[in-house]
$ cat my_file-v3.txt   # compact mmCIF, C-alpha atoms
# COMPACT_ATOMS: atom_id res chain seq x y z
CA MET A 291 -11.70 16.71 48.41
CA SER A 292 -9.59 13.71 49.12
CA ARG A 293 -6.18 14.43 50.59
CA ARG A 294 -4.46 11.78 48.50
CA PRO A 295 -6.15 11.90 45.10
CA TYR A 296 -5.54 8.85 42.98
CA VAL A 297 -3.66 9.84 39.84
CA ARG A 298 -3.65 7.12 37.22
CA GLU A 299 -0.47 7.13 35.17
CA VAL A 300 -1.23 7.19 31.44
CA PRO A 301 1.72 7.29 29.04
CA PRO A 302 0.59 9.95 26.54
CA THR A 303 2.22 8.46 23.42
CA ALA A 304 2.16 4.70 24.06
CA TRP A 305 -1.05 4.09 26.03
CA TYR A 306 -2.65 2.05 23.26
CA PHE A 307 -0.18 -0.85 23.72
CA ARG A 308 -1.81 -1.65 27.04
CA HIS A 309 -4.78 -3.54 25.68
CA PRO A 310 -5.62 -5.11 22.29
CA ARG A 311 -8.89 -3.18 22.35
CA TYR A 312 -6.95 0.10 22.42
CA LEU A 313 -4.80 -1.12 19.53
CA ARG A 314 -7.91 -1.87 17.45
CA TYR A 315 -9.18 1.60 18.27
CA MET A 316 -5.89 3.12 17.10
CA ALA A 317 -5.89 1.02 13.91
CA ARG A 318 -9.25 2.58 13.13
CA GLU A 319 -7.92 6.05 13.98
CA VAL A 320 -4.90 5.63 11.68
CA THR A 321 -7.18 5.00 8.69
CA SER A 322 -8.11 8.69 8.85
CA ILE A 323 -4.55 9.63 7.75
CA PHE A 324 -4.91 7.75 4.46
CA VAL A 325 -8.53 8.72 3.91
CA GLY A 326 -7.71 12.40 4.57
CA ALA A 327 -4.76 12.35 2.16
CA TYR A 328 -6.90 10.58 -0.44
CA CYS A 329 -9.59 13.29 -0.13
CA VAL A 330 -6.89 15.88 -0.88
CA LEU A 331 -5.94 13.81 -3.95
CA LEU A 332 -9.60 13.90 -5.07
CA THR A 333 -9.65 17.68 -4.57
CA VAL A 334 -6.61 17.96 -6.85
CA GLY A 335 -8.47 15.82 -9.39
CA VAL A 336 -11.46 18.20 -9.38
CA LEU A 337 -9.14 21.21 -9.79
CA ARG A 338 -7.35 19.50 -12.71
CA LEU A 339 -10.69 18.69 -14.32
CA ALA A 340 -11.62 22.37 -14.15
CA GLN A 341 -8.30 23.36 -15.76
CA GLY A 342 -9.08 21.52 -18.98
CA GLN A 343 -8.43 18.29 -20.80
CA ALA A 344 -4.61 18.43 -20.91
CA SER A 345 -4.38 19.04 -17.16
CA TYR A 346 -6.84 16.26 -16.40
CA GLU A 347 -5.11 13.74 -18.69
CA ALA A 348 -1.81 14.60 -16.95
CA PHE A 349 -3.50 13.96 -13.60
CA LEU A 350 -4.73 10.53 -14.76
CA GLN A 351 -1.21 9.83 -16.03
CA ALA A 352 0.30 10.81 -12.66
CA LEU A 353 -2.07 8.36 -10.93
CA GLN A 354 -0.19 5.53 -12.68
CA SER A 355 3.11 5.96 -10.81
CA PRO A 356 3.99 3.01 -8.54
CA ALA A 357 3.96 5.22 -5.42
CA SER A 358 0.48 6.47 -6.35
CA ILE A 359 -0.80 2.92 -6.84
CA VAL A 360 0.57 1.83 -3.45
CA PHE A 361 -0.97 4.90 -1.82
CA GLN A 362 -4.35 4.27 -3.46
CA LEU A 363 -4.29 0.63 -2.35
CA LEU A 364 -3.63 1.80 1.23
CA ALA A 365 -6.39 4.40 0.94
CA PHE A 366 -8.80 1.78 -0.41
CA ALA A 367 -7.97 -0.60 2.45
CA ALA A 368 -8.22 2.20 5.02
CA ALA A 369 -11.56 3.47 3.68
CA SER A 370 -12.97 -0.08 3.58
CA TYR A 371 -11.83 -0.75 7.16
CA HIS A 372 -13.39 2.55 8.20
CA ALA A 373 -16.62 1.56 6.45
CA VAL A 374 -16.80 -1.85 8.17
CA THR A 375 -16.16 -0.41 11.64
CA TRP A 376 -18.50 2.55 11.00
CA PHE A 377 -21.41 0.35 9.92
CA THR A 378 -20.80 -2.04 12.81
CA ALA A 379 -20.77 0.85 15.28
CA THR A 380 -24.01 2.42 13.98
CA GLN A 381 -26.16 0.07 16.07
CA LYS A 382 -24.46 1.45 19.21
CA ALA A 383 -24.43 5.10 18.11
CA MET A 384 -28.04 5.12 16.85
CA PRO A 385 -30.08 2.29 18.38
CA LEU A 386 -33.45 2.06 16.64
CA GLN A 387 -36.59 1.45 18.67
CA LEU A 388 -39.79 0.22 17.03
CA GLY A 389 -42.69 0.07 19.50
CA ASP A 390 -41.44 -1.55 22.71
CA GLU A 391 -38.53 -3.41 21.17
CA PHE A 392 -35.14 -2.34 19.94
CA VAL A 393 -34.31 -3.44 16.40
CA PRO A 394 -31.54 -6.11 16.70
CA GLY A 395 -28.12 -4.55 16.11
CA GLY A 396 -27.27 -7.14 13.49
CA TRP A 397 -30.14 -5.97 11.30
CA ILE A 398 -28.97 -2.36 11.42
CA ALA A 399 -25.40 -3.35 10.50
CA GLY A 400 -26.69 -5.78 7.88
CA ALA A 401 -28.89 -3.14 6.27
CA HIS A 402 -25.89 -0.83 6.03
CA PHE A 403 -23.74 -3.54 4.44
CA VAL A 404 -26.44 -4.37 1.90
CA GLY A 405 -26.90 -0.67 1.10
CA TRP A 406 -23.13 -0.23 0.78
CA GLY A 407 -22.89 -3.16 -1.64
CA LEU A 408 -25.83 -1.98 -3.78
CA LEU A 409 -24.58 1.62 -3.88
CA SER A 410 -21.03 0.55 -4.79
CA ALA A 411 -22.34 -1.76 -7.53
CA ALA A 412 -24.56 1.04 -8.89
CA ILE A 413 -21.65 3.51 -8.98
CA LEU A 414 -19.39 0.96 -10.70
CA TYR A 415 -22.20 0.26 -13.21
CA PHE A 416 -22.81 3.93 -14.02
CA ALA A 417 -19.06 4.54 -14.28
CA GLY A 418 -19.02 1.89 -17.00
CA VAL A 419 -16.92 -0.73 -15.18
CA PHE A 420 -19.39 -3.49 -16.05
CA MET B 678 -29.68 25.15 28.12
CA ALA B 679 -25.93 25.45 27.81
CA LYS B 680 -24.74 26.58 24.42
CA SER B 681 -21.95 24.71 22.71
CA HIS B 682 -20.26 24.90 19.33
CA LYS B 683 -19.85 21.12 19.32
CA PRO B 684 -22.89 20.28 17.16
CA VAL B 685 -21.48 22.50 14.39
CA VAL B 686 -18.31 20.38 14.33
CA TRP B 687 -20.06 17.11 15.05
CA PHE B 688 -22.87 17.08 12.53
CA PRO B 689 -20.63 17.38 9.45
CA PHE B 690 -18.24 14.91 11.10
CA ALA B 691 -20.93 12.26 11.47
CA ALA B 692 -22.21 12.98 7.96
CA GLY B 693 -18.61 12.88 6.69
CA GLY B 694 -17.88 9.53 8.34
CA THR B 695 -20.98 8.07 6.71
CA VAL B 696 -20.13 9.55 3.30
CA VAL B 697 -16.55 8.25 3.53
CA ALA B 698 -17.85 4.79 4.45
CA PHE B 699 -20.37 4.63 1.60
CA PHE B 700 -18.46 6.39 -1.19
CA ILE B 701 -14.68 6.51 -0.75
CA PRO B 702 -13.97 2.75 -1.11
CA VAL B 703 -15.76 2.57 -4.48
CA ILE B 704 -14.22 5.88 -5.66
CA ALA B 705 -10.78 4.56 -4.68
CA LEU B 706 -11.56 1.42 -6.68
CA LEU B 707 -12.37 3.58 -9.73
CA THR B 708 -9.16 5.65 -9.47
CA LEU B 709 -7.20 2.41 -8.91
CA LEU B 710 -8.60 1.05 -12.18
CA ALA B 711 -7.48 4.29 -13.85
CA ALA B 712 -4.08 3.91 -12.17
CA VAL B 713 -3.51 0.46 -13.66
CA GLY B 714 -4.36 1.75 -17.13
CA HIS B 715 -8.06 0.83 -17.38
CA VAL B 716 -9.62 4.28 -17.04
CA PRO B 717 -13.36 3.64 -16.40
CA ALA B 718 -15.69 5.41 -18.86
CA GLY B 719 -17.01 7.56 -16.00
CA LEU B 720 -13.55 8.95 -15.27
CA GLN B 721 -12.86 9.87 -18.92
CA TYR B 722 -12.56 13.63 -19.36
CA ASP B 723 -15.72 14.08 -21.46
CA GLN B 724 -17.97 11.98 -19.21
CA LEU B 725 -16.73 13.41 -15.92
CA LEU B 726 -17.01 16.92 -17.36
CA ALA B 727 -20.60 16.21 -18.38
CA VAL B 728 -21.38 15.17 -14.80
CA ALA B 729 -19.64 18.27 -13.42
CA HIS B 730 -21.60 20.48 -15.84
CA HIS B 731 -24.94 19.37 -14.42
CA PRO B 732 -26.03 21.29 -11.30
CA LEU B 733 -26.88 18.03 -9.49
CA GLY B 734 -23.49 16.62 -10.49
CA LYS B 735 -21.76 19.68 -9.05
CA LEU B 736 -23.77 19.32 -5.85
CA ALA B 737 -23.00 15.59 -5.58
CA ILE B 738 -19.25 16.01 -6.16
CA PHE B 739 -19.04 18.96 -3.79
CA SER B 740 -21.07 17.27 -1.04
CA VAL B 741 -19.09 14.03 -1.11
CA LEU B 742 -15.78 15.91 -1.20
CA ALA B 743 -16.53 18.58 1.43
CA LEU B 744 -18.13 16.17 3.93
CA SER B 745 -15.32 13.61 3.49
CA LEU B 746 -12.71 16.32 4.00
CA TRP B 747 -14.39 17.62 7.15
CA GLY B 748 -14.94 14.14 8.60
CA SER B 749 -11.29 13.26 7.93
CA ALA B 750 -10.06 16.54 9.43
CA HIS B 751 -12.00 15.88 12.64
CA ARG B 752 -10.78 12.29 12.86
CA LEU B 753 -7.19 13.37 12.16
CA ARG B 754 -7.49 15.88 15.00
CA CYS B 755 -8.52 13.09 17.39
CA THR B 756 -5.74 10.87 16.01
CA CYS B 757 -3.11 13.55 16.68
CA PHE B 758 -4.35 13.88 20.26
CA ASP B 759 -4.33 10.11 20.77
CA PHE B 760 -0.75 9.90 19.53
CA GLY B 761 0.25 12.35 22.25
CA LEU B 762 0.24 15.63 20.32
CA ARG B 763 -1.40 17.72 23.04
CA ILE B 764 -1.71 21.03 21.21
CA ASP B 765 -5.31 20.46 20.26
CA GLY B 766 -6.20 24.08 19.50
CA LEU B 767 -3.46 24.47 16.91
CA VAL B 768 -4.04 21.02 15.36
CA ALA B 769 -7.78 21.69 15.13
CA ALA B 770 -7.25 25.10 13.54
CA VAL B 771 -4.77 23.79 10.93
CA LEU B 772 -6.90 20.77 9.97
CA TYR B 773 -10.26 22.54 9.84
CA VAL B 774 -8.81 25.44 7.85
CA ALA B 775 -7.21 22.95 5.43
CA ALA B 776 -10.53 21.10 5.02
CA ILE B 777 -12.45 24.33 4.44
CA ALA B 778 -9.80 25.64 2.02
CA CYS B 779 -9.87 22.43 -0.06
CA SER B 780 -13.70 22.48 -0.08
CA LEU B 781 -13.80 26.13 -1.20
CA LEU B 782 -11.21 25.52 -3.94
CA ALA B 783 -13.16 22.53 -5.25
CA GLY B 784 -16.48 24.42 -4.98
CA TYR B 785 -15.05 27.40 -6.86
CA ALA B 786 -13.62 25.14 -9.58
CA LEU B 787 -16.96 23.32 -9.94
CA LEU B 788 -18.95 26.56 -10.17
CA GLY B 789 -16.62 27.77 -12.94
CA LEU B 790 -17.32 24.73 -15.11
$ encode --input "my_file-v3.txt" --output "structure tokens"
Amino acid sequence: MSRRPYVREVPPTAWYFRHPRYLRYMAREVTSIFVGAYCVLLTVGVLRLAQGQASYEAFLQALQSPASIVFQLLAFAAASYHAVTWFTATQKAMPLQLGDEFVPGGWIAGAHFVGWGLLSAAILYFAGVF
Amino acid sequence: MAKSHKPVVWFPFAAGGTVVAFFIPVIALLTLLAAVGHVPAGLQYDQLLAVAHHPLGKLAIFSVLALSLWGSAHRLRCTCFDFGLRIDGLVAAVLYVAAIACSLLAGYALLGL
């Protein structure tokens, strides 16, 4: 063991200001706060649905408050940012090899984006939006 | 081979991240439409109840919700650590228990419909 081990100083609460790359990483991390809170909101929605029509209508009514709309906009933005970074990262997390060659990363990301668009359109269609 | 509990945490996390990416933006869009007064037909009480009555509907709602909750809980745990909250055991316990509790509540409610 070395007699003078090198200890790199890392500020535990502000390390991510050191490099833009770290800041982008943290921006992605922060989306989990809004997505997590939004999932709890969805859980409440399912519980209200199970309690009957009056409860559920009250839940839909409560969604219309300005604070709720702002929160849902943030959750939508956070979930979309998560989706974009998640699909872009898939090519690194799960590289796909066909024969001797690796499938180009852009194709993997592109396939995810196309699938995301089709799935979202299908859900909007079946929910009666258009 | 060394045994680890990590796959048990990791598999639903990876599945949850994917489910959040594919489903939560469009679901948020639907609830936003409801929030501005244009409740989509699919979010009307009768229609949503019909979906929740069908076994496959129950399974779909529960899967999306439970996996999203778990994925978010795991990511929140990492976020807490990265912001300097170095009591990982406690944070992990609180978040995972919250995710499991919400999933069980939703699952119980869905089964009762």
$ axis_aligned_box --input "my_file-v3.txt" --around "region 306-323 of chain A" --padding-each-side "4 Å" --output "AutoDock Vina command-line options"
--center_x -4.7 --center_y 2.3 --center_z 17.4 --size_x 17.1 --size_y 22.7 --size_z 27.3
$ atom_distance --input "my_file-v3.txt" --atom1 "CA of Glu319 (chain A)" --atom2 "CA of Asp759 (chain B)"
8.7 Å
$ interface_residues --input "my_file-v3.txt" --of "chain A" --to "chain B" --cutoff "7 Å" --atoms "only C-alpha atoms" --output "VMD selection string"
chain A and resid 302 to 303 319 to 320 322 to 323 325 to 326 329 333 336 to 337 340 343 346 350 353 to 354 359 362 366 369 to 370 372 to 373 376 406 410 417 to 419
$ residues_around --input "my_file-v3.txt" --residues "Phe324 (chain A)" --least-positions-apart "4" --cutoff "8 Å" --atoms "all atoms listed in the file" --output "tab-separated table (two decimals) with C-alpha atoms, in the coordinates of the input"
chain	number	residue	atom	x	y	z
A	320	VAL	CA	-4.90	5.63	11.68
A	328	TYR	CA	-6.90	10.58	-0.44
A	361	PHE	CA	-0.97	4.90	-1.82
A	364	LEU	CA	-3.63	1.80	1.23
A	365	ALA	CA	-6.39	4.40	0.94
A	368	ALA	CA	-8.22	2.20	5.02
A	369	ALA	CA	-11.56	3.47	3.68
$ atom_distance --input "my_file-v3.txt" --atom1 "CA of Thr375 (chain A)" --atom2 "CA of Arg318 (chain A)"
7.7 Å
$ atom_distance --input "my_file-v3.txt" --atom1 "CA of Ile777 (chain B)" --atom2 "CA of Phe416 (chain A)"
29.4 Å
